[in-house]
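Worksheet: the structure to be examined is printed underneath.
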Amino acid sequence: MVNEKGSQNSVNIKILDFAMLKLVKEVECHQGDVSFRVNKIVKMYSLAMDQISLPEFSEEEKCTLAECLTSSYVDALFVSNMHLSVQDHCYYNHDDLGSFEKSTLSKEDNALVMKVMSLDFLQRIKLIDMIDQEFFNG
């Protein structure tokens, strides 16, 4: 992007949530450079994500996870309880009759819930990021 001064190295950052606004305000309070701070955070995030391994997920499992994430607000509580969101999604979205009274999960759905349940917090973050990039161009 080109800024008003014509510099080719400028990037506009849209503040989409409170965390980003807080970061900008903290950096500005210390007369720092927002771009430098964001670059540093992205670098550290990338380093952390590169060190985290995930089990394999089938395309069907990824689609189910993407459907689950579509209507979810991702915060620390969601990440901690992600397996419950997946379980709820499987209960209510895989019934061919449209009934909300399904009382058991299929073997495949149960295996997905157990797979997500076995992940630690940072693995779940990586999984959300992977699904976001693959399905939502995030």
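Every chain in the structure tokens takes a letter, A first, then B, and so on in the order presented; its residues are numbered from 1, and the ligands are numbered from 1 following the presented order.
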List the neighbours of range 80-89 of chain A out to 12 Å using only C-alpha atoms; skip same-chain residues closer than 3 positions along the sequence, and give me the result as a ChimeraX atom specification.
/A:61-77,92-95,100-106,108-125,127-128
Output the selection as a PDB file, in the first residue's frame - C-alpha atoms for each residue.
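Final output, saved to part-v5.pdb:
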```
ATOM      1  CA  GLU A  61     -13.261 -33.087  10.249  1.00  0.00           C
ATOM      2  CA  LYS A  62     -11.885 -29.763   9.009  1.00  0.00           C
ATOM      3  CA  CYS A  63     -15.263 -28.918   7.466  1.00  0.00           C
ATOM      4  CA  THR A  64     -17.007 -29.703  10.749  1.00  0.00           C
ATOM      5  CA  LEU A  65     -14.526 -27.517  12.634  1.00  0.00           C
ATOM      6  CA  ALA A  66     -14.983 -24.701  10.111  1.00  0.00           C
ATOM      7  CA  GLU A  67     -18.768 -24.901  10.545  1.00  0.00           C
ATOM      8  CA  CYS A  68     -18.287 -24.777  14.310  1.00  0.00           C
ATOM      9  CA  LEU A  69     -16.032 -21.710  14.072  1.00  0.00           C
ATOM     10  CA  THR A  70     -18.352 -19.844  11.703  1.00  0.00           C
ATOM     11  CA  SER A  71     -20.748 -18.785  14.427  1.00  0.00           C
ATOM     12  CA  SER A  72     -18.269 -18.615  17.295  1.00  0.00           C
ATOM     13  CA  TYR A  73     -16.599 -15.700  19.019  1.00  0.00           C
ATOM     14  CA  VAL A  74     -13.086 -16.948  19.646  1.00  0.00           C
ATOM     15  CA  ASP A  75     -11.757 -15.918  23.030  1.00  0.00           C
ATOM     16  CA  ALA A  76      -9.919 -17.735  25.838  1.00  0.00           C
ATOM     17  CA  LEU A  77     -13.145 -19.320  27.112  1.00  0.00           C
ATOM     18  CA  TYR A  92     -27.382 -30.258  16.453  1.00  0.00           C
ATOM     19  CA  ASN A  93     -26.100 -30.144  12.867  1.00  0.00           C
ATOM     20  CA  HIS A  94     -25.771 -33.759  11.788  1.00  0.00           C
ATOM     21  CA  ASP A  95     -29.343 -34.920  12.248  1.00  0.00           C
ATOM     22  CA  PHE A 100     -32.728 -31.226  17.905  1.00  0.00           C
ATOM     23  CA  GLU A 101     -33.270 -34.336  20.004  1.00  0.00           C
ATOM     24  CA  LYS A 102     -30.326 -36.403  18.865  1.00  0.00           C
ATOM     25  CA  SER A 103     -28.928 -38.044  21.955  1.00  0.00           C
ATOM     26  CA  THR A 104     -25.770 -39.778  20.771  1.00  0.00           C
ATOM     27  CA  LEU A 105     -22.808 -38.877  18.622  1.00  0.00           C
ATOM     28  CA  SER A 106     -21.666 -40.988  15.707  1.00  0.00           C
ATOM     29  CA  GLU A 108     -16.740 -40.174  13.717  1.00  0.00           C
ATOM     30  CA  ASP A 109     -18.156 -37.206  15.604  1.00  0.00           C
ATOM     31  CA  ASN A 110     -17.119 -38.663  18.942  1.00  0.00           C
ATOM     32  CA  ALA A 111     -13.604 -39.269  17.593  1.00  0.00           C
ATOM     33  CA  LEU A 112     -13.396 -35.609  16.505  1.00  0.00           C
ATOM     34  CA  VAL A 113     -14.602 -34.382  19.894  1.00  0.00           C
ATOM     35  CA  MET A 114     -12.030 -36.601  21.634  1.00  0.00           C
ATOM     36  CA  LYS A 115      -9.293 -35.412  19.264  1.00  0.00           C
ATOM     37  CA  VAL A 116     -10.050 -31.766  20.047  1.00  0.00           C
ATOM     38  CA  MET A 117     -10.378 -32.563  23.758  1.00  0.00           C
ATOM     39  CA  SER A 118      -6.870 -34.050  23.745  1.00  0.00           C
ATOM     40  CA  LEU A 119      -5.325 -30.821  22.433  1.00  0.00           C
ATOM     41  CA  ASP A 120      -3.778 -28.321  24.804  1.00  0.00           C
ATOM     42  CA  PHE A 121      -4.591 -24.607  24.644  1.00  0.00           C
ATOM     43  CA  LEU A 122      -1.855 -23.651  22.172  1.00  0.00           C
ATOM     44  CA  GLN A 123      -2.626 -26.593  19.905  1.00  0.00           C
ATOM     45  CA  ARG A 124      -6.221 -25.414  19.800  1.00  0.00           C
ATOM     46  CA  ILE A 125      -5.025 -21.917  18.865  1.00  0.00           C
ATOM     47  CA  LEU A 127      -5.974 -25.513  14.919  1.00  0.00           C
ATOM     48  CA  ILE A 128      -8.235 -22.452  14.862  1.00  0.00           C
TER      49      ILE A 128
END
```
Taking only C-alpha atoms into account, which of A:Lys126, A:Val79, A:Asn137, A:Asn12 comes nearest Ser53 in chain A?
A:Lys126
Which residue of A:Cys90, A:Glu59, A:Lys107, A:Glu28 approaches Ile131 in chain A most closely, using only C-alpha atoms:
A:Glu59
How would you write, as JSON, numbers by chain, the set of residues in chain A that DSSP gives as alpha helix (DSSP H)?
{"A": [18, 19, 20, 21, 22, 23, 24, 25, 26, 27, 28, 29, 34, 35, 36, 37, 38, 39, 40, 41, 42, 43, 44, 45, 46, 47, 48, 49, 50, 59, 60, 61, 62, 63, 64, 65, 66, 67, 68, 69, 70, 76, 77, 78, 79, 80, 82, 83, 84, 85, 86, 87, 88, 89, 90, 91, 92, 93, 107, 108, 109, 110, 111, 112, 113, 114, 115, 116, 117, 121, 122, 123, 124, 125, 126, 127, 128, 129, 130, 131, 132, 133, 134, 135, 136]}
